file protein.tsv (TSV, C-alpha atoms)
chain	number	residue	atom	x	y	z
A	1	MET	CA	149.16	-99.63	275.16
A	2	THR	CA	146.18	-97.69	273.83
A	3	ASP	CA	145.69	-94.19	272.51
A	4	ALA	CA	143.70	-93.37	275.65
A	5	LYS	CA	146.55	-94.50	277.92
A	6	PRO	CA	149.75	-93.66	276.01
A	7	LEU	CA	151.94	-94.15	279.09
A	8	ALA	CA	150.50	-97.51	280.16
A	9	GLY	CA	153.24	-99.75	281.51
A	10	LYS	CA	155.52	-96.81	282.30
A	11	THR	CA	156.80	-95.93	285.76
A	12	ALA	CA	157.22	-92.25	286.61
A	13	LEU	CA	158.80	-90.59	289.62
A	14	VAL	CA	157.80	-87.01	290.44
A	15	THR	CA	159.50	-84.94	293.13
A	16	GLY	CA	157.61	-82.07	294.72
A	17	ALA	CA	154.46	-84.07	294.00
A	18	SER	CA	152.36	-82.77	296.89
A	19	ARG	CA	151.40	-79.42	295.38
A	20	GLY	CA	151.52	-77.08	292.41
A	21	ILE	CA	153.05	-78.25	289.16
A	22	GLY	CA	154.40	-81.45	290.72
A	23	ALA	CA	150.95	-82.52	291.92
A	24	ALA	CA	149.27	-81.61	288.63
A	25	THR	CA	151.96	-83.48	286.69
A	26	ALA	CA	151.63	-86.58	288.86
A	27	LYS	CA	147.89	-86.68	288.22
A	28	ALA	CA	148.31	-86.06	284.50
A	29	LEU	CA	150.91	-88.81	284.14
A	30	ALA	CA	148.68	-91.24	286.04
A	31	GLU	CA	145.70	-90.33	283.88
A	32	ALA	CA	147.86	-91.10	280.84
A	33	GLY	CA	148.48	-94.57	282.24
A	34	ALA	CA	151.80	-94.32	284.09
A	35	HIS	CA	152.28	-95.68	287.59
A	36	VAL	CA	153.47	-92.62	289.50
A	37	ILE	CA	155.77	-92.57	292.52
A	38	LEU	CA	154.96	-89.44	294.51
A	39	VAL	CA	157.83	-87.86	296.43
A	40	SER	CA	157.48	-85.00	298.92
A	41	ARG	CA	157.91	-84.19	302.60
A	42	ARG	CA	154.17	-83.57	303.05
A	43	VAL	CA	152.59	-86.90	303.93
A	44	LYS	CA	148.97	-85.74	304.20
A	45	ALA	CA	149.19	-83.83	300.93
A	46	LEU	CA	150.70	-86.85	299.18
A	47	GLU	CA	147.85	-89.01	300.43
A	48	GLU	CA	145.38	-86.50	299.00
A	49	ILE	CA	147.12	-86.58	295.62
A	50	GLU	CA	147.13	-90.38	295.71
A	51	ASP	CA	143.39	-90.39	296.45
A	52	ALA	CA	142.82	-88.04	293.51
A	53	ILE	CA	144.85	-90.33	291.24
A	54	HIS	CA	142.89	-93.39	292.34
A	55	ALA	CA	139.64	-91.49	291.79
A	56	ILE	CA	140.49	-91.10	288.09
A	57	GLY	CA	141.45	-94.75	287.76
A	58	GLY	CA	145.20	-94.26	288.02
A	59	THR	CA	147.79	-95.95	290.20
A	60	SER	CA	150.48	-94.46	292.41
A	61	THR	CA	152.83	-95.07	295.32
A	62	ILE	CA	153.67	-92.42	297.89
A	63	ALA	CA	157.25	-91.96	299.07
A	64	PRO	CA	157.30	-89.35	301.84
A	65	LEU	CA	160.80	-88.08	302.50
A	66	ASP	CA	162.98	-85.00	302.73
A	67	LEU	CA	165.31	-85.03	299.73
A	68	THR	CA	167.87	-82.97	301.64
A	69	GLU	CA	168.37	-85.48	304.45
A	70	ALA	CA	171.54	-87.54	304.36
A	71	ASP	CA	171.15	-90.79	302.38
A	72	SER	CA	167.42	-90.17	301.78
A	73	VAL	CA	167.78	-90.35	298.00
A	74	ALA	CA	169.93	-93.48	298.20
A	75	ARG	CA	167.32	-95.15	300.42
A	76	LEU	CA	164.57	-94.14	298.01
A	77	ALA	CA	166.47	-95.53	295.02
A	78	GLY	CA	167.13	-98.77	296.87
A	79	ALA	CA	163.46	-99.21	297.73
A	80	ILE	CA	162.31	-98.41	294.21
A	81	GLY	CA	164.99	-100.58	292.61
A	82	GLY	CA	163.80	-103.49	294.70
A	83	ARG	CA	160.30	-103.19	293.29
A	84	TRP	CA	160.67	-101.85	289.73
A	85	ASP	CA	163.19	-102.72	287.06
A	86	THR	CA	163.16	-99.30	285.41
A	87	ILE	CA	162.19	-95.68	285.81
A	88	ASP	CA	160.78	-94.43	282.51
A	89	ILE	CA	160.03	-90.85	283.51
A	90	LEU	CA	161.75	-88.66	286.11
A	91	VAL	CA	160.23	-85.24	286.75
A	92	LEU	CA	162.30	-82.97	288.98
A	93	SER	CA	159.77	-80.50	290.30
A	94	ALA	CA	160.83	-80.06	293.93
A	95	ALA	CA	162.35	-76.63	294.59
A	96	TYR	CA	162.96	-74.21	297.42
A	97	MET	CA	162.89	-70.43	297.00
A	98	PRO	CA	164.52	-68.26	299.70
A	99	ASP	CA	162.95	-64.92	300.57
A	100	LEU	CA	163.50	-62.36	297.83
A	101	THR	CA	166.05	-59.95	299.22
A	102	PRO	CA	169.22	-58.08	298.26
A	103	LEU	CA	172.11	-60.48	297.85
A	104	SER	CA	173.92	-58.84	300.76
A	105	GLN	CA	171.02	-59.70	303.05
A	106	VAL	CA	170.34	-63.32	302.05
A	107	ASP	CA	169.57	-65.53	305.04
A	108	PRO	CA	172.36	-68.15	305.17
A	109	LYS	CA	170.03	-70.90	306.37
A	110	GLN	CA	167.58	-70.26	303.54
A	111	PHE	CA	170.38	-70.11	300.99
A	112	ASN	CA	171.74	-73.41	302.24
A	113	GLN	CA	168.26	-74.95	302.02
A	114	ALA	CA	168.01	-73.78	298.41
A	115	ILE	CA	171.43	-75.23	297.59
A	116	MET	CA	170.53	-78.55	299.19
A	117	THR	CA	167.09	-78.82	297.57
A	118	ASN	CA	167.73	-77.36	294.15
A	119	LEU	CA	171.29	-78.52	293.57
A	120	VAL	CA	172.61	-81.23	295.90
A	121	ALA	CA	169.40	-83.28	295.83
A	122	THR	CA	169.24	-82.99	292.05
A	123	GLN	CA	172.71	-84.47	291.63
A	124	ALA	CA	171.86	-87.22	294.10
A	125	LEU	CA	168.65	-88.08	292.22
A	126	LEU	CA	170.39	-88.22	288.85
A	127	ALA	CA	173.17	-90.39	290.25
A	128	ALA	CA	170.88	-92.73	292.18
A	129	PHE	CA	168.36	-93.30	289.38
A	130	ASP	CA	170.78	-93.35	286.45
A	131	PRO	CA	170.90	-97.19	286.40
A	132	LEU	CA	167.10	-97.51	286.34
A	133	LEU	CA	166.77	-94.79	283.69
A	134	ARG	CA	169.33	-96.47	281.43
A	135	LYS	CA	167.46	-99.78	281.64
A	136	ALA	CA	164.26	-98.20	280.34
A	137	GLU	CA	163.35	-97.98	276.67
A	138	GLY	CA	163.73	-94.27	276.01
A	139	ALA	CA	163.59	-92.80	279.52
A	140	ARG	CA	162.82	-89.10	279.85
A	141	VAL	CA	164.11	-86.70	282.51
A	142	ILE	CA	162.30	-83.37	282.80
A	143	GLY	CA	163.66	-80.66	285.10
A	144	LEU	CA	161.54	-77.64	285.97
A	145	THR	CA	163.56	-74.46	285.97
A	146	SER	CA	163.00	-70.70	286.22
A	147	SER	CA	163.87	-67.89	283.85
A	148	VAL	CA	165.86	-66.20	286.62
A	149	GLY	CA	168.47	-68.93	286.27
A	150	SER	CA	169.52	-67.53	282.90
A	151	ASP	CA	168.25	-63.98	283.29
A	152	PRO	CA	169.47	-62.60	286.65
A	153	ARG	CA	167.38	-59.91	288.26
A	154	PRO	CA	167.58	-57.91	291.51
A	155	PHE	CA	166.55	-59.65	294.74
A	156	TRP	CA	166.34	-63.11	293.13
A	157	GLY	CA	170.05	-63.91	293.45
A	158	ALA	CA	169.92	-66.76	295.98
A	159	TYR	CA	167.23	-68.67	294.09
A	160	ALA	CA	168.56	-67.77	290.65
A	161	ALA	CA	172.07	-69.03	291.42
A	162	THR	CA	170.76	-72.45	292.44
A	163	LYS	CA	168.49	-72.72	289.38
A	164	ALA	CA	171.38	-71.81	287.09
A	165	ALA	CA	173.37	-74.63	288.67
A	166	PHE	CA	170.33	-76.92	288.40
A	167	ASP	CA	170.12	-76.24	284.66
A	168	ASN	CA	173.83	-76.90	284.24
A	169	LEU	CA	173.60	-80.24	286.05
A	170	LEU	CA	170.70	-81.41	283.90
A	171	GLU	CA	172.30	-80.33	280.65
A	172	THR	CA	175.59	-81.93	281.63
A	173	TYR	CA	173.87	-85.20	282.49
A	174	GLY	CA	171.96	-85.07	279.22
A	175	ALA	CA	175.18	-84.63	277.23
A	176	GLU	CA	176.83	-87.49	279.11
A	177	VAL	CA	174.08	-90.03	278.46
A	178	GLU	CA	172.89	-88.99	275.01
A	179	ARG	CA	175.29	-91.18	273.03
A	180	LEU	CA	175.45	-94.00	275.57
A	181	SER	CA	171.77	-94.65	276.21
A	182	PRO	CA	168.28	-93.74	275.02
A	183	VAL	CA	167.80	-91.43	278.05
A	184	ARG	CA	166.85	-87.90	277.00
A	185	VAL	CA	166.91	-84.84	279.24
A	186	ALA	CA	164.92	-81.61	278.92
A	187	VAL	CA	164.78	-78.39	280.93
A	188	LEU	CA	161.31	-76.86	281.06
A	189	ASP	CA	160.55	-73.31	282.18
A	190	PRO	CA	156.89	-73.30	283.22
A	191	GLY	CA	156.64	-69.53	283.00
A	192	ALA	CA	154.08	-67.66	285.10
A	193	THR	CA	152.00	-70.35	286.80
A	194	ARG	CA	149.45	-70.35	289.62
A	195	THR	CA	151.47	-71.89	292.48
A	196	GLU	CA	152.25	-71.18	296.11
A	197	MET	CA	155.80	-70.20	295.17
A	198	ARG	CA	154.51	-67.71	292.62
A	199	ALA	CA	152.14	-66.24	295.22
A	200	ARG	CA	155.08	-65.73	297.60
A	201	ALA	CA	157.09	-63.96	294.93
A	202	TYR	CA	154.19	-61.82	293.66
A	203	PRO	CA	151.82	-61.35	296.63
A	204	GLY	CA	149.79	-58.62	294.93
A	205	GLU	CA	149.13	-60.58	291.75
A	206	ASP	CA	145.67	-61.88	290.93
A	207	PRO	CA	146.26	-65.66	290.61
A	208	GLU	CA	143.51	-65.88	288.00
A	209	THR	CA	145.66	-63.83	285.62
A	210	VAL	CA	148.25	-66.63	285.25
A	211	LYS	CA	147.84	-70.15	283.92
A	212	PRO	CA	147.02	-73.10	286.20
A	213	PRO	CA	149.62	-75.81	286.87
A	214	GLU	CA	147.53	-78.25	284.83
A	215	THR	CA	148.62	-76.42	281.66
A	216	VAL	CA	152.26	-77.18	282.43
A	217	ALA	CA	151.40	-80.75	283.39
A	218	THR	CA	149.71	-81.31	280.04
A	219	ARG	CA	152.83	-80.15	278.24
A	220	ILE	CA	155.03	-82.45	280.33
A	221	VAL	CA	152.89	-85.47	279.43
A	222	GLU	CA	153.24	-84.51	275.77
A	223	LEU	CA	156.99	-83.90	276.07
A	224	VAL	CA	157.83	-87.27	277.63
A	225	GLN	CA	156.33	-88.92	274.56
A	226	GLU	CA	158.41	-86.87	272.11
A	227	ASP	CA	161.77	-87.74	270.57
A	228	PHE	CA	163.66	-84.59	271.56
A	229	PRO	CA	167.46	-84.29	271.76
A	230	SER	CA	169.10	-84.10	275.19
A	231	GLY	CA	169.58	-80.51	276.23
A	232	HIS	CA	166.16	-79.54	274.89
A	233	ARG	CA	164.87	-76.36	276.51
A	234	GLU	CA	161.48	-74.74	276.23
A	235	ARG	CA	159.11	-72.38	278.00
A	236	VAL	CA	155.41	-72.95	278.56
A	237	ASP	CA	153.58	-69.68	277.86

call {"tool": "encode", "arguments": {"input": "protein.tsv", "output": "structure tokens"}}
result
Amino acid sequence: MTDAKPLAGKTALVTGASRGIGAATAKALAEAGAHVILVSRRVKALEEIEDAIHAIGGTSTIAPLDLTEADSVARLAGAIGGRWDTIDILVLSAAYMPDLTPLSQVDPKQFNQAIMTNLVATQALLAAFDPLLRKAEGARVIGLTSSVGSDPRPFWGAYAATKAAFDNLLETYGAEVERLSPVRVAVLDPGATRTEMRARAYPGEDPETVKPPETVATRIVELVQEDFPSGHRERVD
């Protein structure tokens, strides 16, 4: 390991790696020396991120799949476990945001998609990769949340409810493993960031007035190298 590649020898798995914060984080982790497993439904976009990683001298593996499909996470964990002994870094960036609407008018299909992506898939990922995380020397789990999970506001109810549950799952897992293993869990609120999801929520906003996803990615790379207590929460401003 060198100062230039502080994560050399580490294996990282990033969900939602095809765009936005997930893509920026995958590239930043690879630039820091980690081998990054890229997970998303978007095959072409994953291939583009992989090409970008290789262009900066990094290494990665693409794993195209829909996290909400039955047994998809179990299959992913089986494939990864057959190739790597540990997962050192798990970044949970994949998320689905239903249309912003009064709670009484939430589309049931969209709400179910949010529950499956933001909540059910999260539990499945934590359960499936727990053995590989515990085998690592000081594994780090970083979950990307939203302020609406702890600060409810009108029209955000469907998304906010799933992010509140997401936060609870991560903090519960962190409390469960803290005294039994070196795994540490943090919940990171990226704040206002230039992403497609942000553009959907604030269509009239000038994207240049908010920070790029690379700013959040830089903080994630720093955070996974820190000795924080499980349950750590912070916001990137």

call {"tool": "residues_around", "arguments": {"input": "protein.tsv", "residues": "Pro152 in chain A", "least_positions_apart": "3", "cutoff": "12 Å", "atoms": "all atoms listed in the file", "output": "ChimeraX atom specification"}}
result
/A:103,146-149,155-164

call {"tool": "closest_residue", "arguments": {"input": "protein.tsv", "among": "A:Ala127, A:Leu76, A:Leu46, A:Ala192", "to": "Lys211 in chain A", "atoms": "all atoms listed in the file"}}
result
A:Ala192

call {"tool": "atom_distance", "arguments": {"input": "protein.tsv", "atom1": "CA of Leu144 in chain A", "atom2": "CA of Asp66 in chain A"}}
result
18.4 Å

call {"tool": "residues_near_point", "arguments": {"input": "protein.tsv", "point": "(156.5, -92.8, 287.0)", "cutoff": "9 Å", "atoms": "all atoms listed in the file", "output": "PDB file with C-alpha atoms, keeping the file's coordinate frame"}}
result
ATOM      1  CA  LYS A  10     155.520 -96.810 282.300  1.00  0.00           C
ATOM      2  CA  THR A  11     156.800 -95.930 285.760  1.00  0.00           C
ATOM      3  CA  ALA A  12     157.220 -92.250 286.610  1.00  0.00           C
ATOM      4  CA  LEU A  13     158.800 -90.590 289.620  1.00  0.00           C
ATOM      5  CA  VAL A  14     157.800 -87.010 290.440  1.00  0.00           C
ATOM      6  CA  ALA A  26     151.630 -86.580 288.860  1.00  0.00           C
ATOM      7  CA  LEU A  29     150.910 -88.810 284.140  1.00  0.00           C
ATOM      8  CA  ALA A  30     148.680 -91.240 286.040  1.00  0.00           C
ATOM      9  CA  ALA A  34     151.800 -94.320 284.090  1.00  0.00           C
ATOM     10  CA  HIS A  35     152.280 -95.680 287.590  1.00  0.00           C
ATOM     11  CA  VAL A  36     153.470 -92.620 289.500  1.00  0.00           C
ATOM     12  CA  ILE A  37     155.770 -92.570 292.520  1.00  0.00           C
ATOM     13  CA  LEU A  38     154.960 -89.440 294.510  1.00  0.00           C
ATOM     14  CA  SER A  60     150.480 -94.460 292.410  1.00  0.00           C
ATOM     15  CA  ILE A  87     162.190 -95.680 285.810  1.00  0.00           C
ATOM     16  CA  ASP A  88     160.780 -94.430 282.510  1.00  0.00           C
ATOM     17  CA  ILE A  89     160.030 -90.850 283.510  1.00  0.00           C
ATOM     18  CA  LEU A  90     161.750 -88.660 286.110  1.00  0.00           C
ATOM     19  CA  VAL A  91     160.230 -85.240 286.750  1.00  0.00           C
TER      20      VAL A  91
END

call {"tool": "residues_around", "arguments": {"input": "protein.tsv", "residues": "Arg233 in chain A", "least_positions_apart": "4", "cutoff": "9 Å", "atoms": "all atoms listed in the file", "output": "ChimeraX atom specification"}}
result
/A:186-189

call {"tool": "write_last_selection", "arguments": {"input": "protein.tsv", "atoms": "C-alpha atoms", "output": "compact mmCIF listing (two decimals), in the frame of the given file"}}
result
# COMPACT_ATOMS: atom_id res chain seq x y z
CA ALA A 186 164.92 -81.61 278.92
CA VAL A 187 164.78 -78.39 280.93
CA LEU A 188 161.31 -76.86 281.06
CA ASP A 189 160.55 -73.31 282.18

call {"tool": "atom_distance", "arguments": {"input": "protein.tsv", "atom1": "CA of Phe228 in chain A", "atom2": "CA of Gly81 in chain A"}}
result
26.5 Å

call {"tool": "residues_around", "arguments": {"input": "protein.tsv", "residues": "Arg194 in chain A", "least_positions_apart": "5", "cutoff": "6 Å", "atoms": "all atoms listed in the file", "output": "list in words"}}
result
Pro207, Val210, Lys211 and Pro212 of chain A

call {"tool": "atom_distance", "arguments": {"input": "protein.tsv", "atom1": "CA of Val236 in chain A", "atom2": "CA of Arg219 in chain A"}}
result
7.7 Å

call {"tool": "residues_near_point", "arguments": {"input": "protein.tsv", "point": "(175.4, -92.2, 286.6)", "cutoff": "9 Å", "atoms": "only C-alpha atoms", "output": "list in words"}}
result
Leu126, Ala127, Ala128, Phe129, Asp130, Pro131, Tyr173, Glu176 and Val177 of chain A

call {"tool": "closest_residue", "arguments": {"input": "protein.tsv", "among": "A:Lys27, A:Arg41, A:Pro6, A:Gly204", "to": "Ser72 in chain A", "atoms": "all atoms listed in the file"}}
result
A:Arg41

call {"tool": "closest_residue", "arguments": {"input": "protein.tsv", "among": "A:Phe166, A:Val221, A:Leu100, A:Gly191", "to": "Arg153 in chain A", "atoms": "only C-alpha atoms"}}
result
A:Leu100

call {"tool": "closest_residue", "arguments": {"input": "protein.tsv", "among": "A:Ser93, A:Ser40, A:Thr59, A:Ser18", "to": "Ile142 in chain A", "atoms": "only C-alpha atoms"}}
result
A:Ser93

call {"tool": "closest_residue", "arguments": {"input": "protein.tsv", "among": "A:Ile49, A:Ala32, A:Leu7, A:Leu170", "to": "Arg19 in chain A", "atoms": "all atoms listed in the file"}}
result
A:Ile49

call {"tool": "closest_residue", "arguments": {"input": "protein.tsv", "among": "A:Ala24, A:Ala4, A:Val141, A:Ala70", "to": "Val216 in chain A", "atoms": "only C-alpha atoms"}}
result
A:Ala24

call {"tool": "decode", "arguments": {"input": "protein.tsv", "residues": "range 170-184 of chain A", "atoms": "N, CA, C and O atoms", "output": "PDB file, in the first residue's frame"}}
result
ATOM      1  N   LEU A 170     -29.674   0.394   8.633  1.00  0.00           N
ATOM      2  CA  LEU A 170     -28.220   0.551   8.692  1.00  0.00           C
ATOM      3  C   LEU A 170     -27.736   0.746  10.125  1.00  0.00           C
ATOM      4  O   LEU A 170     -26.744   0.148  10.547  1.00  0.00           O
ATOM      5  N   GLU A 171     -28.441   1.580  10.874  1.00  0.00           N
ATOM      6  CA  GLU A 171     -28.017   1.840  12.240  1.00  0.00           C
ATOM      7  C   GLU A 171     -28.191   0.596  13.114  1.00  0.00           C
ATOM      8  O   GLU A 171     -27.376   0.336  14.006  1.00  0.00           O
ATOM      9  N   THR A 172     -29.238  -0.157  12.858  1.00  0.00           N
ATOM     10  CA  THR A 172     -29.440  -1.401  13.596  1.00  0.00           C
ATOM     11  C   THR A 172     -28.324  -2.393  13.294  1.00  0.00           C
ATOM     12  O   THR A 172     -27.743  -3.006  14.207  1.00  0.00           O
ATOM     13  N   TYR A 173     -28.012  -2.554  12.011  1.00  0.00           N
ATOM     14  CA  TYR A 173     -26.925  -3.458  11.632  1.00  0.00           C
ATOM     15  C   TYR A 173     -25.611  -3.007  12.260  1.00  0.00           C
ATOM     16  O   TYR A 173     -24.837  -3.827  12.785  1.00  0.00           O
ATOM     17  N   GLY A 174     -25.361  -1.714  12.237  1.00  0.00           N
ATOM     18  CA  GLY A 174     -24.136  -1.196  12.826  1.00  0.00           C
ATOM     19  C   GLY A 174     -24.027  -1.505  14.305  1.00  0.00           C
ATOM     20  O   GLY A 174     -22.954  -1.878  14.804  1.00  0.00           O
ATOM     21  N   ALA A 175     -25.148  -1.379  15.027  1.00  0.00           N
ATOM     22  CA  ALA A 175     -25.149  -1.678  16.462  1.00  0.00           C
ATOM     23  C   ALA A 175     -24.953  -3.165  16.716  1.00  0.00           C
ATOM     24  O   ALA A 175     -24.315  -3.564  17.696  1.00  0.00           O
ATOM     25  N   GLU A 176     -25.472  -3.991  15.820  1.00  0.00           N
ATOM     26  CA  GLU A 176     -25.355  -5.442  15.992  1.00  0.00           C
ATOM     27  C   GLU A 176     -23.935  -5.949  15.792  1.00  0.00           C
ATOM     28  O   GLU A 176     -23.498  -6.883  16.470  1.00  0.00           O
ATOM     29  N   VAL A 177     -23.212  -5.339  14.854  1.00  0.00           N
ATOM     30  CA  VAL A 177     -21.878  -5.856  14.521  1.00  0.00           C
ATOM     31  C   VAL A 177     -20.748  -5.138  15.244  1.00  0.00           C
ATOM     32  O   VAL A 177     -19.622  -5.632  15.274  1.00  0.00           O
ATOM     33  N   GLU A 178     -21.034  -4.004  15.846  1.00  0.00           N
ATOM     34  CA  GLU A 178     -19.952  -3.167  16.376  1.00  0.00           C
ATOM     35  C   GLU A 178     -19.081  -3.891  17.397  1.00  0.00           C
ATOM     36  O   GLU A 178     -17.854  -3.765  17.383  1.00  0.00           O
ATOM     37  N   ARG A 179     -19.675  -4.661  18.285  1.00  0.00           N
ATOM     38  CA  ARG A 179     -18.890  -5.327  19.320  1.00  0.00           C
ATOM     39  C   ARG A 179     -18.474  -6.745  18.941  1.00  0.00           C
ATOM     40  O   ARG A 179     -17.753  -7.403  19.690  1.00  0.00           O
ATOM     41  N   LEU A 180     -18.936  -7.193  17.788  1.00  0.00           N
ATOM     42  CA  LEU A 180     -18.645  -8.568  17.376  1.00  0.00           C
ATOM     43  C   LEU A 180     -17.646  -8.650  16.235  1.00  0.00           C
ATOM     44  O   LEU A 180     -17.136  -9.728  15.931  1.00  0.00           O
ATOM     45  N   SER A 181     -17.380  -7.535  15.594  1.00  0.00           N
ATOM     46  CA  SER A 181     -16.499  -7.525  14.424  1.00  0.00           C
ATOM     47  C   SER A 181     -15.946  -6.123  14.226  1.00  0.00           C
ATOM     48  O   SER A 181     -16.433  -5.162  14.837  1.00  0.00           O
ATOM     49  N   PRO A 182     -14.949  -5.980  13.354  1.00  0.00           N
ATOM     50  CA  PRO A 182     -14.418  -4.651  13.063  1.00  0.00           C
ATOM     51  C   PRO A 182     -15.227  -3.884  12.006  1.00  0.00           C
ATOM     52  O   PRO A 182     -14.803  -2.819  11.563  1.00  0.00           O
ATOM     53  N   VAL A 183     -16.374  -4.423  11.589  1.00  0.00           N
ATOM     54  CA  VAL A 183     -17.221  -3.733  10.607  1.00  0.00           C
ATOM     55  C   VAL A 183     -17.769  -2.454  11.233  1.00  0.00           C
ATOM     56  O   VAL A 183     -18.254  -2.467  12.369  1.00  0.00           O
ATOM     57  N   ARG A 184     -17.708  -1.356  10.506  1.00  0.00           N
ATOM     58  CA  ARG A 184     -18.270  -0.097  10.960  1.00  0.00           C
ATOM     59  C   ARG A 184     -19.224   0.451   9.907  1.00  0.00           C
ATOM     60  O   ARG A 184     -18.946   0.369   8.711  1.00  0.00           O
TER      61      ARG A 184
END
